[in-house]
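> For reference, the structure I am asking about is given below.
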Number of protein chains: 2
Amino acid sequence: MQDKPSPIRETDDEARKLARRLLRGARYASLAVLDAESGFPAVSRALLGMDVDGVPVILVSALAGHTVALRNNPRCSLLAGEPGKGDPLAHARITVFCTAEPVARDSDDHARIRARFVARHRKAELYVDFADFGFFRLVPVSAALNGGFGKAYQLSGEELTIRGASVAAEWLHPQELTGTMDEQAEAVAHFLKMPETGGWRISGADMAGFELVRGDILVRCEFETPVFSPNEIIDRIFNFAKTS
Amino acid sequence: MQDKPSPIRETDDEARKLARRLLRGARYASLAVLDAESGFPAVSRALLGMDVDGVPVILVSALAGHTVALRNNPRCSLLAGEPGKGDPLAHARITVFCTAEPVARDSDDHARIRARFVARHRKAELYVDFADFGFFRLVPVSAALNGGFGKAYQLSGEELTIRGASVAAEWLHPQELTGTMDEQAEAVAHFLKMPETGGWRISGADMAGFELVRGDILVRCEFETPVFSPNEIIDRIFNFAKTS
């Protein structure tokens, strides 16, 4: 017998889109781990990247408490979605429960993740190759989306990952190409009515979308339907301002 | 035998001041709890208030996951300190490990905490008295301050609480008085070189300092030395712009 109506709404396409935009468009997140020594849940701030399959990635120092914690217990969660003006609870945010997987150096995964991360966070180039720094993929298990007061949704990990994403080396190709698409980046920023003009670039692309960056602004653009070859991405970005 | 130099600096007065300003001046925080069902560390966003002894407080719904979690296991942590422009990791933030204590309704504690919380977050008046809403005091156990790259410090819970703070009802008096000190609030805001003029108010005071608010801006002002009587607070605020 259920005495109370559930505060959780049924997850629809709009909720899924908001969830993906929040997670994939987040430059940083609050990361909760289990402190290895005390057993306390410990929350800290981490820069966020994204692998080609939509899995969030973090770049962390082996000296940091969260790294020791994740090596001891891979269960974690991250909170994405920055509050803007006004009531912080009126702004959409998402808690994503994840299992952390360390990324081995000198692997293809590492090369791809490193390239995408540094394209998004240029200053990370200063320390990404330090011996004590490494990446974790935070594979989504489930998520709780809060779209503002009374708008709570539950999502599965699969709803946040990009199904069928190839992680082959060829996907690095459009990643490199997009670096030379500055004019196209300006066109998309104009289409999206971003107030800033000049200095926009496309920092990454994958079969579900691409990201525009300018200084400390990051905008995630999702394709209406997924792309199934690396070369198609370029066409889609060229047509984004016309078709979306 | 220690192979590596510790990345933790010795905690000095400057670090303690920064830690207190970050925690006491935070309108909201990321809150990490242990999910009661899954055992995952779960991070969510919560509005933050502050009791007269410097202990952070949250107002939460019994329906929310973090509330169920805290009733099951009171160990939690919160992350305070908002990133501004530029690299999010260059901005100071603090992780405070806490033990959560529910605040009983109809207690003196509840009346005091409720008054302070609503003075800080006026919109909370809309739901603070709902049957399923309640306060927790998050009593600091220890803290990790990150003042930016290479500036890590450890603090004890005692360093974040206000020693000898009286929680007697008489401390509600200056709290009410400060509501009528709008002119004084403008003077302090001007002294602090805040770009906004008009609309400032003093939302709370205690023996260690007071807080200025204007819309979604919150500024914590710390006294150089603590105040030992409620009436003295008014004088201190009047003199703040002259003596600090």
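Here's how to read the names in the structure tokens: chain A, B, ... by the order shown, residue numbers from 1 in each chain, ligand numbers from 1 in the order shown.
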What's the 6 Å shell around Val219 in chain B, counting only C-alpha atoms, without same-chain residues fewer than 3 positions away, as a PyMOL selection string?
chain B and resi 25+211-212
> Pull all heavy atoms from the residues just selected and write them as a PDB file, in the first residue's frame.

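Written output follows (part.pdb):
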```pdb
ATOM      1  N   GLY B  25      30.211  32.002   4.788  1.00  0.00           N
ATOM      2  CA  GLY B  25      29.683  32.851   3.728  1.00  0.00           C
ATOM      3  C   GLY B  25      29.046  32.062   2.592  1.00  0.00           C
ATOM      4  O   GLY B  25      28.698  32.653   1.568  1.00  0.00           O
ATOM      5  N   GLU B 211      26.482  38.774   8.821  1.00  0.00           N
ATOM      6  CA  GLU B 211      26.414  38.568   7.384  1.00  0.00           C
ATOM      7  C   GLU B 211      25.550  39.611   6.701  1.00  0.00           C
ATOM      8  O   GLU B 211      24.498  40.003   7.192  1.00  0.00           O
ATOM      9  CB  GLU B 211      25.935  37.148   7.055  1.00  0.00           C
ATOM     10  CG  GLU B 211      24.603  36.768   7.649  1.00  0.00           C
ATOM     11  CD  GLU B 211      24.303  35.278   7.513  1.00  0.00           C
ATOM     12  OE1 GLU B 211      25.196  34.457   7.781  1.00  0.00           O
ATOM     13  OE2 GLU B 211      23.169  34.946   7.135  1.00  0.00           O
ATOM     14  N   LEU B 212      26.072  40.070   5.569  1.00  0.00           N
ATOM     15  CA  LEU B 212      25.394  41.021   4.697  1.00  0.00           C
ATOM     16  C   LEU B 212      24.769  40.239   3.555  1.00  0.00           C
ATOM     17  O   LEU B 212      25.435  39.390   2.962  1.00  0.00           O
ATOM     18  CB  LEU B 212      26.432  41.932   4.048  1.00  0.00           C
ATOM     19  CG  LEU B 212      26.923  43.193   4.717  1.00  0.00           C
ATOM     20  CD1 LEU B 212      27.853  43.911   3.750  1.00  0.00           C
ATOM     21  CD2 LEU B 212      25.782  44.086   5.111  1.00  0.00           C
TER      22      LEU B 212
END
```
> With a distance threshold of 8 Å and counting only C-alpha atoms, extract the residues of chain A near chain B and express them as an mmCIF file with all heavy atoms, in the first residue's frame.

```cif
data_model
loop_
_atom_site.group_PDB
_atom_site.id
_atom_site.type_symbol
_atom_site.label_atom_id
_atom_site.label_comp_id
_atom_site.auth_asym_id
_atom_site.auth_seq_id
_atom_site.Cartn_x
_atom_site.Cartn_y
_atom_site.Cartn_z
ATOM 1 N N PRO A 7 7.405 11.298 -5.277
ATOM 2 C CA PRO A 7 7.880 12.614 -5.735
ATOM 3 C C PRO A 7 8.663 12.513 -7.049
ATOM 4 O O PRO A 7 9.091 13.529 -7.575
ATOM 5 C CB PRO A 7 8.765 13.067 -4.583
ATOM 6 C CG PRO A 7 9.264 11.815 -3.952
ATOM 7 C CD PRO A 7 8.216 10.760 -4.187
ATOM 8 N N TYR A 28 33.194 21.189 -14.535
ATOM 9 C CA TYR A 28 33.653 20.630 -13.261
ATOM 10 C C TYR A 28 32.449 20.058 -12.530
ATOM 11 O O TYR A 28 31.297 20.315 -12.911
ATOM 12 C CB TYR A 28 34.351 21.696 -12.402
ATOM 13 C CG TYR A 28 33.455 22.824 -12.007
ATOM 14 C CD1 TYR A 28 32.710 22.775 -10.847
ATOM 15 C CD2 TYR A 28 33.327 23.954 -12.809
ATOM 16 C CE1 TYR A 28 31.858 23.801 -10.484
ATOM 17 C CE2 TYR A 28 32.490 24.996 -12.461
ATOM 18 C CZ TYR A 28 31.758 24.914 -11.290
ATOM 19 O OH TYR A 28 30.912 25.934 -10.939
ATOM 20 N N SER A 30 31.139 18.340 -8.394
ATOM 21 C CA SER A 30 31.452 17.913 -7.028
ATOM 22 C C SER A 30 31.499 16.391 -7.054
ATOM 23 O O SER A 30 30.569 15.747 -7.531
ATOM 24 C CB SER A 30 30.366 18.377 -6.054
ATOM 25 O OG SER A 30 30.376 19.775 -5.933
ATOM 26 N N LEU A 31 32.578 15.850 -6.539
ATOM 27 C CA LEU A 31 32.794 14.407 -6.582
ATOM 28 C C LEU A 31 32.751 13.839 -5.166
ATOM 29 O O LEU A 31 33.509 14.279 -4.294
ATOM 30 C CB LEU A 31 34.168 14.120 -7.208
ATOM 31 C CG LEU A 31 34.663 12.675 -7.172
ATOM 32 C CD1 LEU A 31 33.834 11.797 -8.103
ATOM 33 C CD2 LEU A 31 36.144 12.616 -7.569
ATOM 34 N N ALA A 32 31.847 12.886 -4.931
ATOM 35 C CA ALA A 32 31.760 12.247 -3.617
ATOM 36 C C ALA A 32 32.362 10.852 -3.681
ATOM 37 O O ALA A 32 32.035 10.065 -4.571
ATOM 38 C CB ALA A 32 30.307 12.162 -3.148
ATOM 39 N N VAL A 33 33.258 10.573 -2.744
ATOM 40 C CA VAL A 33 33.903 9.259 -2.656
ATOM 41 C C VAL A 33 33.837 8.797 -1.203
ATOM 42 O O VAL A 33 33.451 9.567 -0.319
ATOM 43 C CB VAL A 33 35.394 9.343 -3.092
ATOM 44 C CG1 VAL A 33 35.513 9.798 -4.541
ATOM 45 C CG2 VAL A 33 36.182 10.279 -2.171
ATOM 46 N N LEU A 34 34.212 7.544 -0.971
ATOM 47 C CA LEU A 34 34.280 7.059 0.406
ATOM 48 C C LEU A 34 35.713 7.196 0.893
ATOM 49 O O LEU A 34 36.615 6.540 0.370
ATOM 50 C CB LEU A 34 33.857 5.592 0.474
ATOM 51 C CG LEU A 34 32.365 5.355 0.545
ATOM 52 C CD1 LEU A 34 32.056 3.869 0.463
ATOM 53 C CD2 LEU A 34 31.804 5.933 1.847
ATOM 54 N N PHE A 40 34.116 8.196 5.974
ATOM 55 C CA PHE A 40 33.196 9.304 5.709
ATOM 56 C C PHE A 40 32.991 9.461 4.202
ATOM 57 O O PHE A 40 33.923 9.273 3.425
ATOM 58 C CB PHE A 40 33.782 10.622 6.235
ATOM 59 C CG PHE A 40 33.383 10.978 7.639
ATOM 60 C CD1 PHE A 40 33.864 10.250 8.705
ATOM 61 C CD2 PHE A 40 32.535 12.049 7.894
ATOM 62 C CE1 PHE A 40 33.515 10.585 10.009
ATOM 63 C CE2 PHE A 40 32.178 12.391 9.191
ATOM 64 C CZ PHE A 40 32.662 11.666 10.254
ATOM 65 N N PRO A 41 31.781 9.864 3.788
ATOM 66 C CA PRO A 41 31.631 10.308 2.410
ATOM 67 C C PRO A 41 32.355 11.654 2.290
ATOM 68 O O PRO A 41 32.142 12.544 3.114
ATOM 69 C CB PRO A 41 30.114 10.456 2.249
ATOM 70 C CG PRO A 41 29.571 10.604 3.618
ATOM 71 C CD PRO A 41 30.535 9.947 4.566
ATOM 72 N N ALA A 42 33.241 11.778 1.296
ATOM 73 C CA ALA A 42 34.077 12.976 1.154
ATOM 74 C C ALA A 42 33.792 13.632 -0.181
ATOM 75 O O ALA A 42 33.856 12.968 -1.216
ATOM 76 C CB ALA A 42 35.555 12.601 1.239
ATOM 77 N N VAL A 43 33.496 14.919 -0.158
ATOM 78 C CA VAL A 43 33.164 15.631 -1.391
ATOM 79 C C VAL A 43 34.235 16.664 -1.717
ATOM 80 O O VAL A 43 34.711 17.376 -0.838
ATOM 81 C CB VAL A 43 31.753 16.271 -1.312
ATOM 82 C CG1 VAL A 43 31.606 17.192 -0.118
ATOM 83 C CG2 VAL A 43 31.391 17.002 -2.601
ATOM 84 N N SER A 44 34.672 16.676 -2.972
ATOM 85 C CA SER A 44 35.682 17.632 -3.417
ATOM 86 C C SER A 44 35.334 18.077 -4.830
ATOM 87 O O SER A 44 34.389 17.575 -5.428
ATOM 88 C CB SER A 44 37.073 16.988 -3.381
ATOM 89 O OG SER A 44 37.075 15.800 -4.159
ATOM 90 N N ARG A 45 36.089 19.034 -5.358
ATOM 91 C CA ARG A 45 35.807 19.541 -6.703
ATOM 92 C C ARG A 45 36.794 18.941 -7.699
ATOM 93 O O ARG A 45 37.976 18.818 -7.404
ATOM 94 C CB ARG A 45 35.915 21.071 -6.716
ATOM 95 C CG ARG A 45 35.539 21.707 -8.060
ATOM 96 C CD ARG A 45 35.317 23.193 -7.906
ATOM 97 N NE ARG A 45 34.156 23.439 -7.059
ATOM 98 C CZ ARG A 45 34.056 24.423 -6.164
ATOM 99 N NH1 ARG A 45 35.030 25.276 -6.027
ATOM 100 N NH2 ARG A 45 32.970 24.542 -5.425
ATOM 101 N N ALA A 46 36.308 18.567 -8.878
ATOM 102 C CA ALA A 46 37.184 18.009 -9.913
ATOM 103 C C ALA A 46 36.796 18.559 -11.276
ATOM 104 O O ALA A 46 35.611 18.781 -11.552
ATOM 105 C CB ALA A 46 37.073 16.481 -9.924
ATOM 106 N N LEU A 47 37.802 18.798 -12.110
ATOM 107 C CA LEU A 47 37.535 19.139 -13.506
ATOM 108 C C LEU A 47 36.934 17.917 -14.179
ATOM 109 O O LEU A 47 37.336 16.791 -13.897
ATOM 110 C CB LEU A 47 38.831 19.509 -14.235
ATOM 111 C CG LEU A 47 39.467 20.861 -13.921
ATOM 112 C CD1 LEU A 47 40.665 21.088 -14.845
ATOM 113 C CD2 LEU A 47 38.473 21.994 -14.073
ATOM 114 N N LEU A 63 48.348 11.874 -5.135
ATOM 115 C CA LEU A 63 48.497 12.395 -3.779
ATOM 116 C C LEU A 63 47.163 12.822 -3.172
ATOM 117 O O LEU A 63 47.039 12.978 -1.961
ATOM 118 C CB LEU A 63 49.440 13.606 -3.773
ATOM 119 C CG LEU A 63 50.866 13.388 -4.279
ATOM 120 C CD1 LEU A 63 51.604 14.717 -4.371
ATOM 121 C CD2 LEU A 63 51.609 12.424 -3.353
ATOM 122 N N ARG A 75 33.175 3.079 -5.959
ATOM 123 C CA ARG A 75 31.828 3.661 -5.973
ATOM 124 C C ARG A 75 31.887 5.154 -5.627
ATOM 125 O O ARG A 75 32.486 5.536 -4.613
ATOM 126 C CB ARG A 75 30.931 2.921 -4.990
ATOM 127 C CG ARG A 75 30.803 1.439 -5.377
ATOM 128 C CD ARG A 75 29.625 0.771 -4.749
ATOM 129 N NE ARG A 75 29.787 0.644 -3.294
ATOM 130 C CZ ARG A 75 28.874 0.059 -2.522
ATOM 131 N NH1 ARG A 75 27.770 -0.432 -3.050
ATOM 132 N NH2 ARG A 75 29.078 -0.035 -1.235
ATOM 133 N N CYS A 76 31.269 5.963 -6.463
ATOM 134 C CA CYS A 76 31.322 7.399 -6.250
ATOM 135 C C CYS A 76 30.089 8.045 -6.870
ATOM 136 O O CYS A 76 29.268 7.366 -7.481
ATOM 137 C CB CYS A 76 32.594 7.996 -6.863
ATOM 138 S SG CYS A 76 32.760 7.698 -8.633
ATOM 139 N N SER A 77 29.942 9.338 -6.669
ATOM 140 C CA SER A 77 28.890 10.067 -7.382
ATOM 141 C C SER A 77 29.394 11.457 -7.683
ATOM 142 O O SER A 77 30.326 11.948 -7.043
ATOM 143 C CB SER A 77 27.586 10.118 -6.575
ATOM 144 O OG SER A 77 27.725 10.856 -5.396
ATOM 145 N N LEU A 78 28.815 12.067 -8.707
ATOM 146 C CA LEU A 78 29.180 13.447 -9.015
ATOM 147 C C LEU A 78 27.937 14.277 -9.214
ATOM 148 O O LEU A 78 26.888 13.784 -9.631
ATOM 149 C CB LEU A 78 30.130 13.527 -10.209
ATOM 150 C CG LEU A 78 29.792 12.871 -11.516
ATOM 151 C CD1 LEU A 78 28.929 13.812 -12.344
ATOM 152 C CD2 LEU A 78 31.072 12.555 -12.281
ATOM 153 N N LEU A 79 28.077 15.549 -8.848
ATOM 154 C CA LEU A 79 26.977 16.514 -8.966
ATOM 155 C C LEU A 79 27.373 17.535 -10.015
ATOM 156 O O LEU A 79 28.394 18.217 -9.869
ATOM 157 C CB LEU A 79 26.752 17.208 -7.619
ATOM 158 C CG LEU A 79 25.725 18.347 -7.587
ATOM 159 C CD1 LEU A 79 24.305 17.811 -7.801
ATOM 160 C CD2 LEU A 79 25.796 19.098 -6.259
ATOM 161 N N LYS A 85 22.041 32.855 -11.145
ATOM 162 C CA LYS A 85 21.459 33.882 -10.273
ATOM 163 C C LYS A 85 20.245 33.309 -9.537
ATOM 164 O O LYS A 85 19.611 32.369 -9.999
ATOM 165 C CB LYS A 85 20.984 35.060 -11.132
ATOM 166 C CG LYS A 85 22.123 35.816 -11.806
ATOM 167 C CD LYS A 85 22.490 37.046 -11.034
ATOM 168 C CE LYS A 85 23.772 37.663 -11.567
ATOM 169 N NZ LYS A 85 24.374 38.596 -10.636
ATOM 170 N N GLY A 86 19.928 33.907 -8.412
ATOM 171 C CA GLY A 86 18.707 33.552 -7.694
ATOM 172 C C GLY A 86 18.859 32.315 -6.840
ATOM 173 O O GLY A 86 19.964 31.941 -6.449
ATOM 174 N N ASP A 87 17.744 31.682 -6.540
ATOM 175 C CA ASP A 87 17.697 30.524 -5.649
ATOM 176 C C ASP A 87 18.501 29.354 -6.231
ATOM 177 O O ASP A 87 18.176 28.851 -7.302
ATOM 178 C CB ASP A 87 16.237 30.117 -5.464
ATOM 179 C CG ASP A 87 16.061 29.067 -4.370
ATOM 180 O OD1 ASP A 87 17.033 28.345 -4.082
ATOM 181 O OD2 ASP A 87 14.961 28.978 -3.819
ATOM 182 N N PRO A 88 19.538 28.896 -5.503
ATOM 183 C CA PRO A 88 20.361 27.790 -6.019
ATOM 184 C C PRO A 88 19.545 26.512 -6.244
ATOM 185 O O PRO A 88 19.890 25.702 -7.097
ATOM 186 C CB PRO A 88 21.399 27.570 -4.913
ATOM 187 C CG PRO A 88 21.404 28.804 -4.106
ATOM 188 C CD PRO A 88 20.018 29.390 -4.201
ATOM 189 N N LEU A 89 18.452 26.337 -5.506
ATOM 190 C CA LEU A 89 17.662 25.112 -5.640
ATOM 191 C C LEU A 89 16.700 25.168 -6.830
ATOM 192 O O LEU A 89 16.083 24.173 -7.184
ATOM 193 C CB LEU A 89 16.888 24.821 -4.359
ATOM 194 C CG LEU A 89 17.732 24.581 -3.103
ATOM 195 C CD1 LEU A 89 16.875 24.035 -1.984
ATOM 196 C CD2 LEU A 89 18.904 23.645 -3.375
ATOM 197 N N THR A 95 22.744 14.305 -10.043
ATOM 198 C CA THR A 95 23.662 13.443 -9.295
ATOM 199 C C THR A 95 23.813 12.151 -10.097
ATOM 200 O O THR A 95 22.818 11.481 -10.379
ATOM 201 C CB THR A 95 23.104 13.107 -7.895
ATOM 202 O OG1 THR A 95 22.947 14.319 -7.153
ATOM 203 C CG2 THR A 95 24.044 12.168 -7.146
ATOM 204 N N PHE A 97 25.555 8.481 -10.153
ATOM 205 C CA PHE A 97 26.268 7.434 -9.410
ATOM 206 C C PHE A 97 27.127 6.657 -10.398
ATOM 207 O O PHE A 97 26.637 6.259 -11.460
ATOM 208 C CB PHE A 97 25.283 6.513 -8.695
ATOM 209 C CG PHE A 97 24.494 7.228 -7.633
ATOM 210 C CD1 PHE A 97 23.275 7.820 -7.936
ATOM 211 C CD2 PHE A 97 24.989 7.351 -6.340
ATOM 212 C CE1 PHE A 97 22.551 8.509 -6.964
ATOM 213 C CE2 PHE A 97 24.277 8.041 -5.363
ATOM 214 C CZ PHE A 97 23.051 8.615 -5.677
ATOM 215 N N GLY A 215 37.058 30.494 -23.450
ATOM 216 C CA GLY A 215 37.512 30.805 -22.091
ATOM 217 C C GLY A 215 36.923 29.805 -21.115
ATOM 218 O O GLY A 215 37.094 28.599 -21.280
ATOM 219 N N ASP A 216 36.194 30.307 -20.136
ATOM 220 C CA ASP A 216 35.620 29.381 -19.143
ATOM 221 C C ASP A 216 34.150 29.058 -19.425
ATOM 222 O O ASP A 216 33.432 28.616 -18.528
ATOM 223 C CB ASP A 216 35.799 29.923 -17.716
ATOM 224 C CG ASP A 216 35.235 31.322 -17.575
ATOM 225 O OD1 ASP A 216 34.956 31.963 -18.614
ATOM 226 O OD2 ASP A 216 35.076 31.790 -16.436
#
```
> Using Å and a single decimal, report how far CA of Ile234 in chain B sits from CA of Gly157 in chain B.
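Separation between CA of Gly157 in chain B and CA of Ile234 in chain B: 27.9 Å.
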> Which residues, written as a tab-separated table (two decimals) with C-alpha atoms, in the first residue's frame, have at least one atom at most 12 Å from Arg16 in chain B, with only C-alpha atoms counted and residues fewer than 6 positions away on the same chain left out?

```tsv
chain	number	residue	atom	x	y	z
B	10	GLU	CA	50.94	24.19	8.27
B	22	LEU	CA	34.26	30.16	2.94
B	23	LEU	CA	32.04	28.08	5.22
B	24	ARG	CA	30.14	30.88	6.95
B	94	ILE	CA	36.68	23.73	1.72
B	143	ALA	CA	38.13	19.97	7.35
B	144	ALA	CA	40.36	20.11	4.28
B	145	LEU	CA	40.92	23.60	2.91
B	146	ASN	CA	42.13	24.07	-0.63
B	147	GLY	CA	43.15	27.67	-1.18
B	152	ALA	CA	46.18	22.61	1.04
B	153	TYR	CA	45.51	22.77	4.78
B	154	GLN	CA	43.94	20.53	7.41
B	155	LEU	CA	41.72	22.00	10.12
B	156	SER	CA	40.03	20.60	13.19
B	157	GLY	CA	36.30	20.89	13.78
B	158	GLU	CA	37.02	23.20	16.73
B	159	GLU	CA	38.79	25.68	14.45
B	160	LEU	CA	35.54	26.14	12.54
B	161	THR	CA	33.16	26.45	15.47
B	222	GLU	CA	34.23	38.39	10.75
```
> Which residue gives the smallest distance to Phe223 in chain A among A:Asp106, A:Lys193, A:Asp182, A:Arg20, with only C-alpha atoms counted?
A:Arg20
> For the atom pair CA of Gly54 in chain B and CA of Leu138 in chain B, what is the interatomic distance in Å to one decimal place?
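For CA of Gly54 in chain B relative to CA of Leu138 in chain B, the distance reads 10.0 Å.
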> Taking the DSSP assignment computed from this structure's backbone, write out as a ChimeraX atom specification all residues of range 26-189 of chain B that belong to strand (DSSP E).
/B:28-34,41-47,49-50,56-61,75-80,93-102,133-146,152-156
> If we count only C-alpha atoms and set the cut-off at 10 Å, which residues sit around Lys242 in chain B, ignoring sequence neighbours fewer than 5 positions away in its own chain? Please answer as a PDB file with C-alpha atoms, in the first residue's frame.

```pdb
ATOM      1  CA  VAL B 188      29.445  48.204   5.420  1.00  0.00           C
ATOM      2  CA  PHE B 191      33.292  49.979   2.927  1.00  0.00           C
ATOM      3  CA  ARG B 236      30.582  46.270  16.621  1.00  0.00           C
ATOM      4  CA  ILE B 237      28.546  46.384  13.454  1.00  0.00           C
TER       5      ILE B 237
END
```
> Quick one: residues within 10 Å of Arg201 in chain B, only C-alpha atoms counted, chain neighbours fewer than 5 positions away excluded, as a list in words?
Ala119, Arg120, Thr178, Gly179, Thr180, Met181, Asp182, Glu183, Gln184, Ala185, Glu186, Val188, Ala189, Glu211, Leu212, Val213, Arg214, Gly215 and Leu218 of chain B
> Could you save the residues just selected, with all heavy atoms, as a compact mmCIF listing (two decimals), in the first residue's frame?

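Dumped to result17.txt:
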```txt
# COMPACT_ATOMS: atom_id res chain seq x y z
N ALA B 119 16.04 34.39 7.79
CA ALA B 119 16.60 35.74 7.57
C ALA B 119 17.62 35.69 6.44
O ALA B 119 17.73 36.63 5.65
CB ALA B 119 17.25 36.26 8.85
N ARG B 120 18.34 34.60 6.31
CA ARG B 120 19.34 34.46 5.25
C ARG B 120 18.67 34.10 3.92
O ARG B 120 18.98 34.67 2.89
CB ARG B 120 20.36 33.38 5.64
CG ARG B 120 21.45 33.19 4.61
CD ARG B 120 22.38 32.02 4.95
NE ARG B 120 23.50 32.40 5.79
CZ ARG B 120 24.66 31.73 5.82
NH1 ARG B 120 24.85 30.66 5.06
NH2 ARG B 120 25.65 32.11 6.60
N THR B 178 19.13 43.42 14.02
CA THR B 178 19.89 43.65 12.79
C THR B 178 18.98 43.82 11.59
O THR B 178 19.36 44.44 10.60
CB THR B 178 20.89 42.51 12.52
OG1 THR B 178 20.17 41.28 12.53
CG2 THR B 178 22.00 42.48 13.54
N GLY B 179 17.78 43.30 11.69
CA GLY B 179 16.82 43.46 10.61
C GLY B 179 16.46 44.92 10.35
O GLY B 179 15.99 45.27 9.28
N THR B 180 16.68 45.76 11.34
CA THR B 180 16.33 47.17 11.19
C THR B 180 17.57 48.03 10.91
O THR B 180 17.51 49.25 11.02
CB THR B 180 15.64 47.69 12.47
OG1 THR B 180 16.59 47.60 13.54
CG2 THR B 180 14.42 46.86 12.81
N MET B 181 18.67 47.40 10.59
CA MET B 181 19.92 48.14 10.42
C MET B 181 20.31 48.31 8.95
O MET B 181 21.47 48.19 8.59
CB MET B 181 21.03 47.42 11.19
CG MET B 181 20.82 47.48 12.69
SD MET B 181 22.13 46.62 13.55
CE MET B 181 23.49 47.75 13.28
N ASP B 182 19.33 48.60 8.13
CA ASP B 182 19.59 48.66 6.69
C ASP B 182 20.61 49.74 6.32
O ASP B 182 21.44 49.54 5.43
CB ASP B 182 18.28 48.90 5.93
CG ASP B 182 17.38 47.67 5.99
OD1 ASP B 182 17.86 46.63 6.49
OD2 ASP B 182 16.23 47.75 5.55
N GLU B 183 20.54 50.89 7.01
CA GLU B 183 21.49 51.96 6.70
C GLU B 183 22.92 51.51 6.99
O GLU B 183 23.83 51.77 6.22
CB GLU B 183 21.18 53.17 7.59
CG GLU B 183 20.76 54.41 6.81
CD GLU B 183 20.40 55.52 7.76
OE1 GLU B 183 21.34 56.15 8.29
OE2 GLU B 183 19.19 55.73 8.01
N GLN B 184 23.05 50.83 8.13
CA GLN B 184 24.35 50.33 8.52
C GLN B 184 24.85 49.29 7.52
O GLN B 184 26.04 49.24 7.18
CB GLN B 184 24.26 49.73 9.94
CG GLN B 184 25.55 49.75 10.69
CD GLN B 184 26.25 51.10 10.62
OE1 GLN B 184 25.63 52.14 10.66
NE2 GLN B 184 27.56 51.05 10.47
N ALA B 185 23.94 48.48 7.01
CA ALA B 185 24.30 47.47 6.01
C ALA B 185 24.87 48.14 4.76
O ALA B 185 25.89 47.70 4.21
CB ALA B 185 23.08 46.62 5.65
N GLU B 186 24.24 49.23 4.32
CA GLU B 186 24.74 49.95 3.15
C GLU B 186 26.15 50.48 3.40
O GLU B 186 27.01 50.42 2.52
CB GLU B 186 23.82 51.14 2.80
CG GLU B 186 22.43 50.76 2.31
CD GLU B 186 22.42 49.97 1.01
OE1 GLU B 186 23.30 50.17 0.16
OE2 GLU B 186 21.51 49.12 0.86
N VAL B 188 28.46 49.30 5.43
CA VAL B 188 29.44 48.20 5.42
C VAL B 188 29.69 47.74 3.98
O VAL B 188 30.83 47.52 3.57
CB VAL B 188 28.99 47.03 6.32
CG1 VAL B 188 29.99 45.87 6.22
CG2 VAL B 188 28.86 47.47 7.77
N ALA B 189 28.63 47.62 3.19
CA ALA B 189 28.78 47.19 1.79
C ALA B 189 29.66 48.19 1.03
O ALA B 189 30.51 47.79 0.23
CB ALA B 189 27.41 47.06 1.13
N GLU B 211 26.48 38.77 8.82
CA GLU B 211 26.41 38.57 7.38
C GLU B 211 25.55 39.61 6.70
O GLU B 211 24.50 40.00 7.19
CB GLU B 211 25.94 37.15 7.05
CG GLU B 211 24.60 36.77 7.65
CD GLU B 211 24.30 35.28 7.51
OE1 GLU B 211 25.20 34.46 7.78
OE2 GLU B 211 23.17 34.95 7.13
N LEU B 212 26.07 40.07 5.57
CA LEU B 212 25.39 41.02 4.70
C LEU B 212 24.77 40.24 3.55
O LEU B 212 25.43 39.39 2.96
CB LEU B 212 26.43 41.93 4.05
CG LEU B 212 26.92 43.19 4.72
CD1 LEU B 212 27.85 43.91 3.75
CD2 LEU B 212 25.78 44.09 5.11
N VAL B 213 23.52 40.54 3.23
CA VAL B 213 22.94 39.90 2.05
C VAL B 213 22.26 40.94 1.17
O VAL B 213 21.84 42.00 1.63
CB VAL B 213 21.92 38.78 2.40
CG1 VAL B 213 22.54 37.66 3.19
CG2 VAL B 213 20.71 39.34 3.12
N ARG B 214 22.20 40.60 -0.09
CA ARG B 214 21.49 41.41 -1.08
C ARG B 214 21.13 40.47 -2.22
O ARG B 214 22.00 40.00 -2.94
CB ARG B 214 22.39 42.54 -1.60
CG ARG B 214 21.70 43.46 -2.60
CD ARG B 214 22.71 44.44 -3.17
NE ARG B 214 22.07 45.41 -4.03
CZ ARG B 214 21.77 45.19 -5.32
NH1 ARG B 214 22.04 44.03 -5.87
NH2 ARG B 214 21.19 46.13 -6.04
N GLY B 215 19.83 40.17 -2.36
CA GLY B 215 19.41 39.21 -3.38
C GLY B 215 20.15 37.91 -3.18
O GLY B 215 20.10 37.31 -2.10
N LEU B 218 25.81 36.91 -0.68
CA LEU B 218 25.99 36.76 0.76
C LEU B 218 27.45 37.04 1.07
O LEU B 218 28.34 36.46 0.45
CB LEU B 218 25.62 35.34 1.20
CG LEU B 218 26.00 34.91 2.62
CD1 LEU B 218 25.33 35.75 3.68
CD2 LEU B 218 25.64 33.44 2.83
```
> Each residue of range 88-199 of chain B lying at most 10 Å from range 66-69 of chain B should get a row with its shortest atom-to-atom pair and the distance in Å to one decimal, counting only C-alpha atoms; could you produce that, ordered by chain and increasing number, as a Markdown table?

```
| residue | atom | partner | partner_atom | distance |
| --- | --- | --- | --- | --- |
| B:Pro102 | CA | B:Thr67 | CA | 9.7 |
| B:Phe133 | CA | B:Thr67 | CA | 9.7 |
| B:Gly134 | CA | B:Thr67 | CA | 9.2 |
| B:Phe135 | CA | B:Thr67 | CA | 9.8 |
| B:Phe136 | CA | B:Thr67 | CA | 9.0 |
```
